[in-house]
file final_17.txt (compact mmCIF, C-alpha atoms)
# COMPACT_ATOMS: atom_id res chain seq x y z
CA MET A 1 16.21 34.14 -71.03
CA THR A 2 18.94 36.43 -69.82
CA ARG A 3 21.06 35.72 -66.82
CA ALA A 4 19.49 38.66 -64.96
CA ALA A 5 15.95 37.39 -65.67
CA PHE A 6 16.93 33.91 -64.55
CA THR A 7 18.44 35.25 -61.32
CA ARG A 8 15.34 37.39 -60.68
CA ARG A 9 13.03 34.37 -61.19
CA ARG A 10 15.16 32.25 -58.92
CA PHE A 11 15.13 34.97 -56.25
CA VAL A 12 11.32 35.37 -56.48
CA GLY A 13 10.85 31.58 -56.32
CA ALA A 14 13.11 31.24 -53.29
CA THR A 15 11.35 34.16 -51.61
CA LEU A 16 7.93 32.59 -52.24
CA LEU A 17 9.09 29.26 -50.85
CA ALA A 18 10.43 30.98 -47.78
CA LEU A 19 7.20 32.90 -47.29
CA VAL A 20 5.09 29.76 -47.65
CA GLY A 21 7.22 28.10 -45.01
CA CYS A 22 6.62 31.06 -42.68
CA ALA A 23 2.91 31.36 -43.36
CA PRO A 24 0.76 30.88 -40.32
CA ARG A 25 -0.72 27.42 -40.13
CA ALA A 26 -4.15 26.57 -38.86
CA SER A 27 -3.76 26.27 -35.11
CA VAL A 28 -4.30 22.84 -33.64
CA PRO A 29 -5.55 22.98 -30.09
CA ALA A 30 -3.21 21.46 -27.54
CA PRO A 31 -4.57 18.29 -26.01
CA ALA A 32 -6.46 18.95 -22.78
CA ALA A 33 -4.60 18.14 -19.62
CA GLU A 34 -5.44 14.68 -18.43
CA PRO A 35 -7.83 14.85 -15.47
CA VAL A 36 -6.16 13.62 -12.31
CA THR A 37 -8.01 12.43 -9.23
CA THR A 38 -6.23 13.33 -6.01
CA VAL A 39 -7.11 11.58 -2.76
CA PHE A 40 -5.62 12.30 0.64
CA VAL A 41 -6.09 9.41 3.06
CA VAL A 42 -5.39 9.96 6.76
CA ARG A 43 -5.93 8.08 9.95
CA HIS A 44 -7.93 9.91 12.59
CA ALA A 45 -5.89 12.04 14.99
CA GLU A 46 -4.93 10.96 18.51
CA ARG A 47 -7.93 9.49 20.26
CA ALA A 48 -9.00 9.89 23.85
CA ALA A 49 -9.31 6.89 26.16
CA GLU A 50 -12.93 7.52 27.14
CA PRO A 51 -15.61 6.65 26.36
CA ALA A 52 -14.14 3.32 25.32
CA ALA A 53 -16.86 2.53 22.75
CA ASP A 54 -16.54 5.76 20.74
CA PRO A 55 -13.84 8.13 21.99
CA GLY A 56 -13.25 11.61 20.66
CA LEU A 57 -9.85 13.28 20.32
CA THR A 58 -7.23 14.24 22.86
CA PRO A 59 -5.98 17.86 22.92
CA ALA A 60 -3.03 16.71 20.77
CA GLY A 61 -5.51 15.09 18.41
CA GLN A 62 -7.52 18.31 18.17
CA ALA A 63 -4.34 20.21 17.31
CA ARG A 64 -3.51 17.65 14.61
CA ALA A 65 -7.05 17.86 13.19
CA GLU A 66 -6.67 21.67 13.04
CA ALA A 67 -3.53 21.13 10.93
CA LEU A 68 -5.29 19.03 8.29
CA PRO A 69 -6.51 22.01 6.20
CA ARG A 70 -2.92 23.28 5.91
CA ALA A 71 -1.68 19.81 5.00
CA VAL A 72 -3.93 19.52 1.93
CA ARG A 73 -3.68 23.15 0.82
CA GLY A 74 -2.27 23.66 -2.64
CA ALA A 75 -3.42 20.33 -4.05
CA GLY A 76 -6.55 21.65 -5.70
CA ARG A 77 -9.98 22.48 -4.37
CA VAL A 78 -11.20 19.70 -2.09
CA THR A 79 -14.70 18.77 -3.26
CA ALA A 80 -15.50 15.89 -0.90
CA ILE A 81 -14.54 14.62 2.54
CA TYR A 82 -15.29 11.05 3.59
CA SER A 83 -15.19 9.73 7.14
CA THR A 84 -16.43 6.76 9.11
CA GLN A 85 -19.22 7.23 11.64
CA TYR A 86 -16.98 7.37 14.71
CA ARG A 87 -16.44 10.53 16.78
CA ARG A 88 -12.66 10.47 16.32
CA THR A 89 -12.84 10.40 12.50
CA GLN A 90 -15.65 12.96 12.39
CA ALA A 91 -13.67 15.26 14.74
CA THR A 92 -10.54 14.88 12.59
CA ALA A 93 -12.47 15.86 9.45
CA ALA A 94 -14.46 18.70 11.10
CA PRO A 95 -11.86 21.52 10.88
CA LEU A 96 -11.30 20.86 7.17
CA ALA A 97 -15.04 20.69 6.49
CA ALA A 98 -15.58 23.96 8.38
CA ALA A 99 -12.72 25.70 6.56
CA LEU A 100 -14.08 24.63 3.17
CA GLY A 101 -17.77 24.97 3.95
CA ILE A 102 -18.60 21.44 2.81
CA ALA A 103 -20.28 18.56 4.61
CA VAL A 104 -18.52 15.36 5.58
CA THR A 105 -19.90 12.29 3.83
CA THR A 106 -20.22 9.55 6.44
CA ARG A 107 -19.35 6.11 5.10
CA PRO A 108 -19.98 3.64 7.96
CA ALA A 109 -17.38 0.98 8.62
CA SER A 110 -18.24 -2.17 10.54
CA ALA A 111 -17.30 -5.80 10.95
CA ALA A 112 -20.01 -6.64 8.41
CA ASN A 113 -18.40 -4.61 5.59
CA SER A 114 -14.74 -4.82 6.61
CA ALA A 115 -13.84 -7.12 3.69
CA THR A 116 -15.33 -4.81 1.04
CA TYR A 117 -15.17 -1.35 2.63
CA ALA A 118 -11.97 -0.11 0.95
CA GLN A 119 -12.87 -1.36 -2.54
CA GLU A 120 -16.40 0.06 -2.37
CA LEU A 121 -15.15 3.44 -1.12
CA ALA A 122 -12.47 3.59 -3.83
CA ARG A 123 -15.05 2.77 -6.51
CA GLU A 124 -17.37 5.49 -5.20
CA ILE A 125 -14.61 8.11 -5.13
CA LEU A 126 -13.34 7.25 -8.61
CA SER A 127 -16.82 7.27 -10.15
CA ARG A 128 -18.34 10.27 -8.34
CA HIS A 129 -15.24 12.45 -7.99
CA ALA A 130 -13.07 11.70 -11.03
CA GLY A 131 -10.71 14.60 -11.67
CA GLU A 132 -11.36 16.11 -8.24
CA THR A 133 -9.57 16.29 -4.89
CA VAL A 134 -10.99 14.21 -2.04
CA VAL A 135 -9.99 13.65 1.60
CA VAL A 136 -10.71 10.38 3.43
CA VAL A 137 -10.38 9.98 7.21
CA GLY A 138 -10.14 6.38 8.37
CA HIS A 139 -8.53 4.11 10.93
CA SER A 140 -5.26 2.22 11.29
CA ASN A 141 -6.98 -0.90 9.92
CA THR A 142 -8.78 0.83 6.99
CA VAL A 143 -6.28 3.41 5.72
CA PRO A 144 -3.79 0.90 4.20
CA ALA A 145 -6.59 -0.97 2.43
CA ILE A 146 -8.08 2.28 1.08
CA VAL A 147 -4.69 3.43 -0.23
CA ALA A 148 -4.15 0.02 -1.86
CA ALA A 149 -7.64 0.05 -3.43
CA LEU A 150 -7.09 3.53 -4.87
CA SER A 151 -3.53 2.98 -6.07
CA GLY A 152 -3.60 -0.65 -7.12
CA GLY A 153 -0.41 -1.24 -5.15
CA PRO A 154 0.60 -2.19 -1.65
CA ALA A 155 0.39 0.26 1.24
CA PRO A 156 2.39 0.20 4.45
CA ALA A 157 0.62 -1.04 7.56
CA LEU A 158 -0.23 1.38 10.36
CA THR A 159 -0.09 0.58 14.05
CA GLU A 160 -2.26 1.91 16.85
CA ALA A 161 0.56 4.36 17.66
CA ASP A 162 0.78 5.85 14.15
CA TYR A 163 -0.76 9.30 13.88
CA GLY A 164 -0.06 12.02 11.37
CA ASP A 165 0.49 9.87 8.28
CA LEU A 166 -0.97 11.50 5.20
CA PHE A 167 -1.11 9.39 2.04
CA HIS A 168 -1.30 11.54 -1.10
CA VAL A 169 -2.67 9.31 -3.87
CA THR A 170 -2.57 10.74 -7.40
CA ILE A 171 -4.64 8.78 -9.92
CA PRO A 172 -4.32 9.77 -13.59
CA ARG A 173 -7.03 8.72 -16.02
CA THR A 174 -4.49 6.44 -17.67
CA GLY A 175 -1.29 5.02 -16.27
CA PRO A 176 -0.27 4.01 -12.79
CA ALA A 177 -1.25 5.84 -9.62
CA ARG A 178 1.40 7.44 -7.40
CA VAL A 179 1.44 7.39 -3.62
CA GLU A 180 3.41 9.78 -1.44
CA ARG A 181 3.53 9.31 2.33
CA LYS A 182 3.87 12.51 4.32
CA LEU A 183 3.49 13.55 7.92
CA PHE A 184 1.30 16.42 9.12
CA GLY A 185 0.39 18.22 12.29
CA GLY A 186 3.31 18.16 14.67
call {"tool": "encode", "arguments": {"input": "final_17.txt", "output": "structure tokens"}}
result
Amino acid sequence: MTRAAFTRRRFVGATLLALVGCAPRASVPAPAAEPVTTVFVVRHAERAAEPAADPGLTPAGQARAEALPRAVRGAGRVTAIYSTQYRRTQATAAPLAAALGIAVTTRPASAANSATYAQELAREILSRHAGETVVVVGHSNTVPAIVAALSGGPAPALTEADYGDLFHVTIPRTGPARVERKLFGG
């Protein structure tokens, strides 16, 4: 074999190897994004003094309730809103429900279910609304327990004077949940 023939063979072989390395490969689909469940948990807005048994909202509370749709905007389409049976929680959820055109799911809270309320609500949300965005309106004594049940971690206590706290709980299918505490509405 002449030197020229050898060089030509070597060139062709190198070219073929290079082309094989550049050949398109069968595409492997990228793994699907892990579904994340997002839950916003808020305490009802400022409550009126009367009637003592089941007060509604003050004008400041109404204004805060009107700000709730803006506070959860951008976090995905809200598919469910949960609230207790009381006027103040229903009134806090009402502007968001009206803006989205969805009904509020009433989940009654009472002395009889106070020990299990948060865990049962968290289980319902995670089973019925996995991968979705949900808003929960509760009370100063239920919000911390709901956040803890959803996140698996501790949640700060709320006092009777705390209004406007918005807990943004992000729950991936695997791995730990994240909790961000924000303020909304004034």
call {"tool": "closest_residue", "arguments": {"input": "final_17.txt", "among": "A:Glu160, A:Arg64, A:Ser140, A:Leu96", "to": "Leu183 (chain A)", "atoms": "all atoms listed in the file"}}
result
A:Arg64
call {"tool": "residues_around", "arguments": {"input": "final_17.txt", "residues": "Ala109 (chain A)", "least_positions_apart": "2", "cutoff": "10 Å", "atoms": "all atoms listed in the file", "output": "PyMOL selection string"}}
result
chain A and resi 83-86+106-107+111-114+116-118+138-139+142
call {"tool": "closest_residue", "arguments": {"input": "final_17.txt", "among": "A:His168, A:Arg123, A:Arg47, A:Arg70", "to": "Arg87 (chain A)", "atoms": "all atoms listed in the file"}}
result
A:Arg47
call {"tool": "closest_residue", "arguments": {"input": "final_17.txt", "among": "A:Gly131, A:Pro172, A:Gly186, A:Gly56", "to": "Ala91 (chain A)", "atoms": "only C-alpha atoms"}}
result
A:Gly56
call {"tool": "atom_distance", "arguments": {"input": "final_17.txt", "atom1": "CA of Thr159 (chain A)", "atom2": "CA of Thr105 (chain A)"}}
result
25.2 Å
call {"tool": "closest_residue", "arguments": {"input": "final_17.txt", "among": "A:Leu68, A:Val137, A:Gln90, A:Ala157", "to": "Pro55 (chain A)", "atoms": "all atoms listed in the file"}}
result
A:Gln90
call {"tool": "closest_residue", "arguments": {"input": "final_17.txt", "among": "A:Ala130, A:Val135, A:Ile171, A:Ala94", "to": "Gly152 (chain A)", "atoms": "all atoms listed in the file"}}
result
A:Ile171
call {"tool": "atom_distance", "arguments": {"input": "final_17.txt", "atom1": "CA of Ala52 (chain A)", "atom2": "CA of Ile102 (chain A)"}}
result
29.2 Å
call {"tool": "closest_residue", "arguments": {"input": "final_17.txt", "among": "A:Gly185, A:Ala49, A:Gly76, A:Asn141", "to": "Ala63 (chain A)", "atoms": "only C-alpha atoms"}}
result
A:Gly185
call {"tool": "build_atoms", "arguments": {"input": "final_17.txt", "residues": "region 111-129 of chain A", "atoms": "N, CA, C and O atoms", "output": "PDB file, in the frame of the given file"}}
result
ATOM      1  N   ALA A 111     -17.792  -4.442  11.175  1.00  0.00           N
ATOM      2  CA  ALA A 111     -17.300  -5.800  10.950  1.00  0.00           C
ATOM      3  C   ALA A 111     -17.993  -6.430   9.748  1.00  0.00           C
ATOM      4  O   ALA A 111     -17.391  -7.207   9.008  1.00  0.00           O
ATOM      5  N   ALA A 112     -19.241  -6.055   9.512  1.00  0.00           N
ATOM      6  CA  ALA A 112     -20.010  -6.640   8.410  1.00  0.00           C
ATOM      7  C   ALA A 112     -19.465  -6.240   7.040  1.00  0.00           C
ATOM      8  O   ALA A 112     -19.567  -7.012   6.088  1.00  0.00           O
ATOM      9  N   ASN A 113     -18.905  -5.037   6.911  1.00  0.00           N
ATOM     10  CA  ASN A 113     -18.400  -4.610   5.590  1.00  0.00           C
ATOM     11  C   ASN A 113     -16.885  -4.468   5.555  1.00  0.00           C
ATOM     12  O   ASN A 113     -16.348  -3.892   4.610  1.00  0.00           O
ATOM     13  N   SER A 114     -16.194  -4.996   6.534  1.00  0.00           N
ATOM     14  CA  SER A 114     -14.740  -4.820   6.610  1.00  0.00           C
ATOM     15  C   SER A 114     -14.002  -5.414   5.406  1.00  0.00           C
ATOM     16  O   SER A 114     -12.976  -4.881   4.984  1.00  0.00           O
ATOM     17  N   ALA A 115     -14.519  -6.489   4.830  1.00  0.00           N
ATOM     18  CA  ALA A 115     -13.840  -7.120   3.690  1.00  0.00           C
ATOM     19  C   ALA A 115     -13.999  -6.328   2.399  1.00  0.00           C
ATOM     20  O   ALA A 115     -13.158  -6.419   1.504  1.00  0.00           O
ATOM     21  N   THR A 116     -15.050  -5.520   2.296  1.00  0.00           N
ATOM     22  CA  THR A 116     -15.330  -4.810   1.040  1.00  0.00           C
ATOM     23  C   THR A 116     -15.270  -3.296   1.173  1.00  0.00           C
ATOM     24  O   THR A 116     -15.379  -2.591   0.173  1.00  0.00           O
ATOM     25  N   TYR A 117     -15.101  -2.789   2.375  1.00  0.00           N
ATOM     26  CA  TYR A 117     -15.170  -1.350   2.630  1.00  0.00           C
ATOM     27  C   TYR A 117     -14.236  -0.539   1.732  1.00  0.00           C
ATOM     28  O   TYR A 117     -14.660   0.408   1.070  1.00  0.00           O
ATOM     29  N   ALA A 118     -12.973  -0.890   1.705  1.00  0.00           N
ATOM     30  CA  ALA A 118     -11.970  -0.110   0.950  1.00  0.00           C
ATOM     31  C   ALA A 118     -12.267  -0.119  -0.545  1.00  0.00           C
ATOM     32  O   ALA A 118     -12.213   0.930  -1.193  1.00  0.00           O
ATOM     33  N   GLN A 119     -12.588  -1.267  -1.103  1.00  0.00           N
ATOM     34  CA  GLN A 119     -12.870  -1.360  -2.540  1.00  0.00           C
ATOM     35  C   GLN A 119     -14.125  -0.567  -2.911  1.00  0.00           C
ATOM     36  O   GLN A 119     -14.139   0.126  -3.930  1.00  0.00           O
ATOM     37  N   GLU A 120     -15.156  -0.664  -2.090  1.00  0.00           N
ATOM     38  CA  GLU A 120     -16.400   0.060  -2.370  1.00  0.00           C
ATOM     39  C   GLU A 120     -16.189   1.573  -2.278  1.00  0.00           C
ATOM     40  O   GLU A 120     -16.690   2.329  -3.112  1.00  0.00           O
ATOM     41  N   LEU A 121     -15.426   2.016  -1.269  1.00  0.00           N
ATOM     42  CA  LEU A 121     -15.150   3.440  -1.120  1.00  0.00           C
ATOM     43  C   LEU A 121     -14.313   3.950  -2.293  1.00  0.00           C
ATOM     44  O   LEU A 121     -14.597   5.007  -2.858  1.00  0.00           O
ATOM     45  N   ALA A 122     -13.311   3.195  -2.693  1.00  0.00           N
ATOM     46  CA  ALA A 122     -12.470   3.590  -3.830  1.00  0.00           C
ATOM     47  C   ALA A 122     -13.304   3.695  -5.101  1.00  0.00           C
ATOM     48  O   ALA A 122     -13.175   4.657  -5.865  1.00  0.00           O
ATOM     49  N   ARG A 123     -14.171   2.729  -5.325  1.00  0.00           N
ATOM     50  CA  ARG A 123     -15.050   2.770  -6.510  1.00  0.00           C
ATOM     51  C   ARG A 123     -15.948   4.000  -6.481  1.00  0.00           C
ATOM     52  O   ARG A 123     -16.119   4.673  -7.496  1.00  0.00           O
ATOM     53  N   GLU A 124     -16.499   4.313  -5.323  1.00  0.00           N
ATOM     54  CA  GLU A 124     -17.370   5.490  -5.200  1.00  0.00           C
ATOM     55  C   GLU A 124     -16.597   6.780  -5.493  1.00  0.00           C
ATOM     56  O   GLU A 124     -17.063   7.640  -6.239  1.00  0.00           O
ATOM     57  N   ILE A 125     -15.415   6.905  -4.915  1.00  0.00           N
ATOM     58  CA  ILE A 125     -14.610   8.110  -5.130  1.00  0.00           C
ATOM     59  C   ILE A 125     -14.240   8.255  -6.601  1.00  0.00           C
ATOM     60  O   ILE A 125     -14.376   9.331  -7.183  1.00  0.00           O
ATOM     61  N   LEU A 126     -13.792   7.180  -7.218  1.00  0.00           N
ATOM     62  CA  LEU A 126     -13.340   7.250  -8.610  1.00  0.00           C
ATOM     63  C   LEU A 126     -14.494   7.470  -9.592  1.00  0.00           C
ATOM     64  O   LEU A 126     -14.299   8.053 -10.653  1.00  0.00           O
ATOM     65  N   SER A 127     -15.692   7.049  -9.237  1.00  0.00           N
ATOM     66  CA  SER A 127     -16.820   7.270 -10.150  1.00  0.00           C
ATOM     67  C   SER A 127     -17.501   8.621  -9.894  1.00  0.00           C
ATOM     68  O   SER A 127     -17.866   9.310 -10.835  1.00  0.00           O
ATOM     69  N   ARG A 128     -17.635   9.025  -8.651  1.00  0.00           N
ATOM     70  CA  ARG A 128     -18.340  10.270  -8.340  1.00  0.00           C
ATOM     71  C   ARG A 128     -17.445  11.495  -8.338  1.00  0.00           C
ATOM     72  O   ARG A 128     -17.925  12.612  -8.477  1.00  0.00           O
ATOM     73  N   HIS A 129     -16.142  11.312  -8.150  1.00  0.00           N
ATOM     74  CA  HIS A 129     -15.240  12.450  -7.990  1.00  0.00           C
ATOM     75  C   HIS A 129     -14.023  12.378  -8.910  1.00  0.00           C
ATOM     76  O   HIS A 129     -12.952  12.896  -8.564  1.00  0.00           O
TER      77      HIS A 129
END
